[in-house]
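See below for the structure under consideration.
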Amino acid sequence: MQPRRQRLPAPWSGPRGPRPTAPLLALLLLLAPVAAPAGSGDPDDPGQPQDAGVPRRLLQQAARAALHFFNFRSGSPSALRVLAEVQEGRAWSLLQEGEGRLGKCSARVFFKNQKPRPTINVTCTRLIEKKKRQQEDYLLYKQMKQLKNPLEIVSIPDNHGHIDPSLRLIWDLAFLGSSYVMWEMTTQVSHYYLAQLTSVRQWKTNDDTIDFDYTVLLHELSTQEIIPCRIHLVWYPGKPLKVKYHCQELQTPEEASGTEEGSAVVPTELSNF
Amino acid sequence: MQGTPGGGTRPGPSPVDRRTLLVFSFILAAALGQMNFTGDQVLRVLAKDEKQLSLLGDLEGLKPQKVDFWRGPARPSLPVDMRVPFSELKDIKAYLESHGLAYSIMIKDIQVLLDEERQAMAKSRRLERSTNSFSYSSYHTLEEIYSWIDNFVMEHSDIVSKIQIGNSFENQSILVLKFSTGGSRHPAIWIDTGIHSREWITHATGIWTANKIVSDYGKDRVLTDILNAMDIFIELVTNPDGFAFTHSMNRLWRKNKSIRPGIFCIGVDLNRNWKSGFGGNGSNSNPCSETYHGPSPQSEPEVAAIVNFITAHGNFKALISIHSYSQMLMYPYGRSLDPVSNQRELYDLAKDAVEALYKVHGIEYIFGSISTTLYVASGITVDWAYDSGIKYAFSFELRDTGQYGFLLPATQIIPTAQETWMALRTIMEHTLNHPY
């Protein structure tokens, strides 16, 4: 069960010839100072060389960033993918939600010196045919149009981690939109998870779109902060997903206004809505 | 209830049978002119073979009667339970020892037990539930957990007691369960859950674990050996105020609820408030931050209570602090990348523990030092423990890896607790076998 020794991704060589090495170098350089990787090699066994591979944790985080991007790009709430396992520095297996099938993805993730929005090249094995996937999405779309009282939703999952089957559609679509936000905000040190959908502000189903305005809480791992975000997406099966969002900033002690909640966020004007 | 009551374990028969037996013994003793069982003990003897079994049988035939069998000699594989009057204890124990008969003291003082049972029976008439009706596969409120603690201690008062080690900022009692088979100041193991209040899976795992310990004592050889030589302390709700807040107002609250004049954000990260690299990287001086370390080391009553307790005890050999989520098992340091002096040993032990965990439900954990596995964090529990001389200091991050995160579905409580138990058991066994 011992995690396999991790290997560095090979220098990328795409159809247009070798990519510029600068971004990849950035990845290598920034990871160099990290000490013995977790659980992937003996720390001081003279029989085995000091492992210079990428720490498993970073691989998992990079894999997740890639999956956020993949999910957003696919624009398909019926085909959301989550990480099952990182198998080696280059490829990982994943689980397709709802279907329970295991597929493989491989990606290259380029972090540029603390900046967000990592460049991602990701390919996943196709688990269902594109046509079938579109049919699934269209079915979901029709079900969404029939949802009653989505504006009354308080939280998904509820505080005990439960998602009512009838609310699964909303969660999947919310997750899709959040994927975009999380990918965009990811940096080499900041990694996000979707903690909870906290409200539905608007749910409009027209003949050609679902217009979904909602708030979520994201969890950022390194600071442990909970970040409320307001997300507005427009979706239609087969069309690229459109997302606008605004996430709240960390509160400084001076800006604090003595709320009982006391969390490190301050309400701001949502100027881009 | 403070402190440890008369030691020894619960014998095989159910509470009802035991009471019946006690009552029967009482009647018999009354008939023989004895009214008091003070100092009488119940010994459990394990005969290795037929020869040893017959030696025990010899005791039975002695006149005047020296022992009173509750569970008589039958087969070598079955334990023999016998009540030994206080006046005969020395002779009987010498007899057992000289013939190489292994025994343990199940009840150290029957009279104490009789008195307690009388009290318990009176009390249980008032209580509405026992721990039988408590659901281990649900999440519970603070009140429910504290009520469960009282029931649990009462039902297993032979090895469990409740200790209050302090008060939270909002004056909630801070409680610790002590598991002990007696002795004075046995080397001890510390487990805490819920230091970050939103990590609900940890309290739930702790509760299940407490029940597992009492269930497995006398049945699982490893756990029995551990508890015969060591005490286990479990603090289930390490951050009671924060936990109450996760139920009432903010499910994702992490810190405690301390308030300071002039500071408008509430709460300190209790896992940054320890006196080990306090204020360093991986903690924050902004009171509004989730990793705010507080004004000074141990400034928070929840942390001070543990520090004082462990320091005063002076004989802790392992400390395990349980968090969620990420599926990791880690050892110090968090505050720096420097390895601890017994890093190799901790690495190997973590590896074994994670393998034992994996075998239960196939869940993969990664392991290593905190700073290299998770992130650099200063002023944390396990760094303090290690610097205080506790060589086996571990931190868990339980399920999952982000899909549900803190909102782990209740259906995963028992599987999580089952696998975590195997890792805990591995660590405790190693601690037992490597005294220092």
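By convention in this document, the chains of the structure tokens carry letters A, B, ... by their order, each chain's residues are numbered from 1, and ligands are numbered from 1 in the order they are shown.
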| query | Taking the backbone alone, and naming residues the way the document does, which bits of region 174-419 of chain B are alpha helix (DSSP H) by DSSP, as number ranges by chain? | reply | B: 200-216, 221-229, 240-248, 301-313, 343-361, 370-373, 381-387, 413-419
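Interface residues of chain B facing chain A, defined by any atom at most 6 Å away and using only C-alpha atoms, are Phe264, Cys265, Ile266, Cys288, Ser289, Glu290, Ile366, Phe367, Gly368, Thr373, Gly402, Leu407, Leu408 and Pro409 of chain B.
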Tell me which protein, DNA and RNA residues are within 8 Å of region 48-57 of chain B, counting only C-alpha atoms, leaving out same-chain ones fewer than 5 positions away, and put them as a CSV table (one decimal) with N, CA and C atoms, in the first residue's frame.
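And here is the file that came out, selection07.csv:
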```csv
chain,number,residue,atom,x,y,z
B,73,PRO,N,-13.9,-23.7,37.5
B,73,PRO,CA,-13.0,-24.3,36.5
B,73,PRO,C,-13.8,-25.2,35.6
B,74,ALA,N,-13.7,-25.0,34.3
B,74,ALA,CA,-14.4,-25.9,33.4
B,74,ALA,C,-13.4,-26.4,32.3
B,75,ARG,N,-12.9,-25.5,31.5
B,75,ARG,CA,-11.9,-25.9,30.5
B,75,ARG,C,-10.8,-24.9,30.5
B,76,PRO,N,-9.6,-25.4,30.1
B,76,PRO,CA,-8.4,-24.5,30.1
B,76,PRO,C,-8.7,-23.2,29.3
B,77,SER,N,-9.5,-23.2,28.3
B,77,SER,CA,-9.6,-22.0,27.5
B,77,SER,C,-10.5,-20.9,28.2
B,99,HIS,N,2.3,-21.6,41.7
B,99,HIS,CA,2.0,-22.6,40.6
B,99,HIS,C,2.0,-22.0,39.2
B,101,LEU,N,0.1,-19.7,38.0
B,101,LEU,CA,-1.2,-19.5,37.5
B,101,LEU,C,-1.4,-18.0,37.3
```
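The coordinates place CA of Gly405 (chain B) at 28.2 Å from CA of Gly277 (chain B).
Between CA of Val307 (chain B) and CA of Pro295 (chain B) there is a distance of 16.9 Å.
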| remark: From CA of Trp274 (chain B) to CA of Ile370 (chain B) the spacing works out at 15.4 Å
| request: Give me the residues within 7 Å of region 140-145 of chain A as a VMD selection string, counting only C-alpha atoms and dropping any in the same chain fewer than 3 places off. | output: chain A and resid 136 to 137 169 205
Can I get the selected residues back with N, CA, C and O atoms, as a short mmCIF file (atom, residue, chain, number, x, y, z; two decimals), in the first residue's frame?
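Now in again.cif:
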```cif
data_model
loop_
_atom_site.label_atom_id
_atom_site.label_comp_id
_atom_site.auth_asym_id
_atom_site.auth_seq_id
_atom_site.Cartn_x
_atom_site.Cartn_y
_atom_site.Cartn_z
N GLU A 136 -27.61 12.88 -21.46
CA GLU A 136 -27.71 12.93 -20.00
C GLU A 136 -27.89 14.37 -19.53
O GLU A 136 -28.71 14.68 -18.68
N ASP A 137 -27.06 15.25 -20.10
CA ASP A 137 -27.13 16.66 -19.70
C ASP A 137 -28.48 17.23 -20.03
O ASP A 137 -29.05 18.01 -19.26
N LEU A 169 -29.30 17.69 -8.33
CA LEU A 169 -29.13 18.45 -9.58
C LEU A 169 -28.52 19.81 -9.32
O LEU A 169 -27.61 20.26 -10.02
N THR A 205 -35.15 29.31 -15.37
CA THR A 205 -35.01 28.36 -16.47
C THR A 205 -35.77 28.87 -17.68
O THR A 205 -36.99 28.99 -17.66
#
```
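When only C-alpha atoms are used to measure the gap to Arg335 (chain B), the shortest distance among B:Asp383, B:Asp158, B:Glu364, B:Glu199 belongs to B:Asp383.
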| note | From the list B:Ile390, B:Ile213, B:Val237, B:Ile414, the nearest residue to Tyr436 (chain B) using only C-alpha atoms is B:Ile390
| For Leu127 (chain A): contacts at 9 Å, only C-alpha atoms, fewer than 4 positions along chain excluded, given as a PyMOL selection string | chain A and resi 79+96+101-103
Residue subset to file, keeping all heavy atoms, as a short mmCIF file (atom, residue, chain, number, x, y, z; two decimals), in the first residue's frame:
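Output saved as again22.cif:
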```cif
data_model
loop_
_atom_site.label_atom_id
_atom_site.label_comp_id
_atom_site.auth_asym_id
_atom_site.auth_seq_id
_atom_site.Cartn_x
_atom_site.Cartn_y
_atom_site.Cartn_z
N ALA A 79 -21.39 14.70 -16.00
CA ALA A 79 -20.12 13.99 -16.17
C ALA A 79 -19.03 14.58 -15.29
O ALA A 79 -17.88 14.66 -15.69
CB ALA A 79 -19.69 14.03 -17.64
N GLN A 96 -15.90 8.87 -11.79
CA GLN A 96 -16.93 9.70 -12.39
C GLN A 96 -18.14 9.66 -11.49
O GLN A 96 -18.66 8.60 -11.19
CB GLN A 96 -17.28 9.19 -13.79
CG GLN A 96 -18.38 10.03 -14.43
CD GLN A 96 -18.29 10.05 -15.93
OE1 GLN A 96 -17.21 10.11 -16.48
NE2 GLN A 96 -19.43 9.96 -16.58
N ARG A 101 -17.64 4.94 -12.11
CA ARG A 101 -16.63 4.27 -12.91
C ARG A 101 -15.29 4.93 -12.73
O ARG A 101 -15.19 6.12 -12.45
CB ARG A 101 -17.02 4.30 -14.39
CG ARG A 101 -17.92 3.16 -14.79
CD ARG A 101 -18.26 3.20 -16.25
NE ARG A 101 -19.26 4.21 -16.53
CZ ARG A 101 -19.60 4.55 -17.78
NH1 ARG A 101 -19.00 4.02 -18.80
NH2 ARG A 101 -20.52 5.47 -17.96
N LEU A 102 -14.27 4.14 -12.97
CA LEU A 102 -12.91 4.64 -12.81
C LEU A 102 -12.32 4.90 -14.18
O LEU A 102 -12.37 4.06 -15.07
CB LEU A 102 -12.08 3.59 -12.07
CG LEU A 102 -11.10 4.09 -11.02
CD1 LEU A 102 -11.78 4.99 -10.02
CD2 LEU A 102 -10.51 2.88 -10.29
N GLY A 103 -11.78 6.09 -14.34
CA GLY A 103 -11.12 6.38 -15.61
C GLY A 103 -9.75 6.96 -15.32
O GLY A 103 -9.36 7.10 -14.17
#
```
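Minimum atom-to-atom distances from B:Tyr292, B:Leu346, B:Ser324, B:Thr431 to Ala377 (chain B) were compared using only C-alpha atoms, and the lowest value belongs to B:Tyr292.
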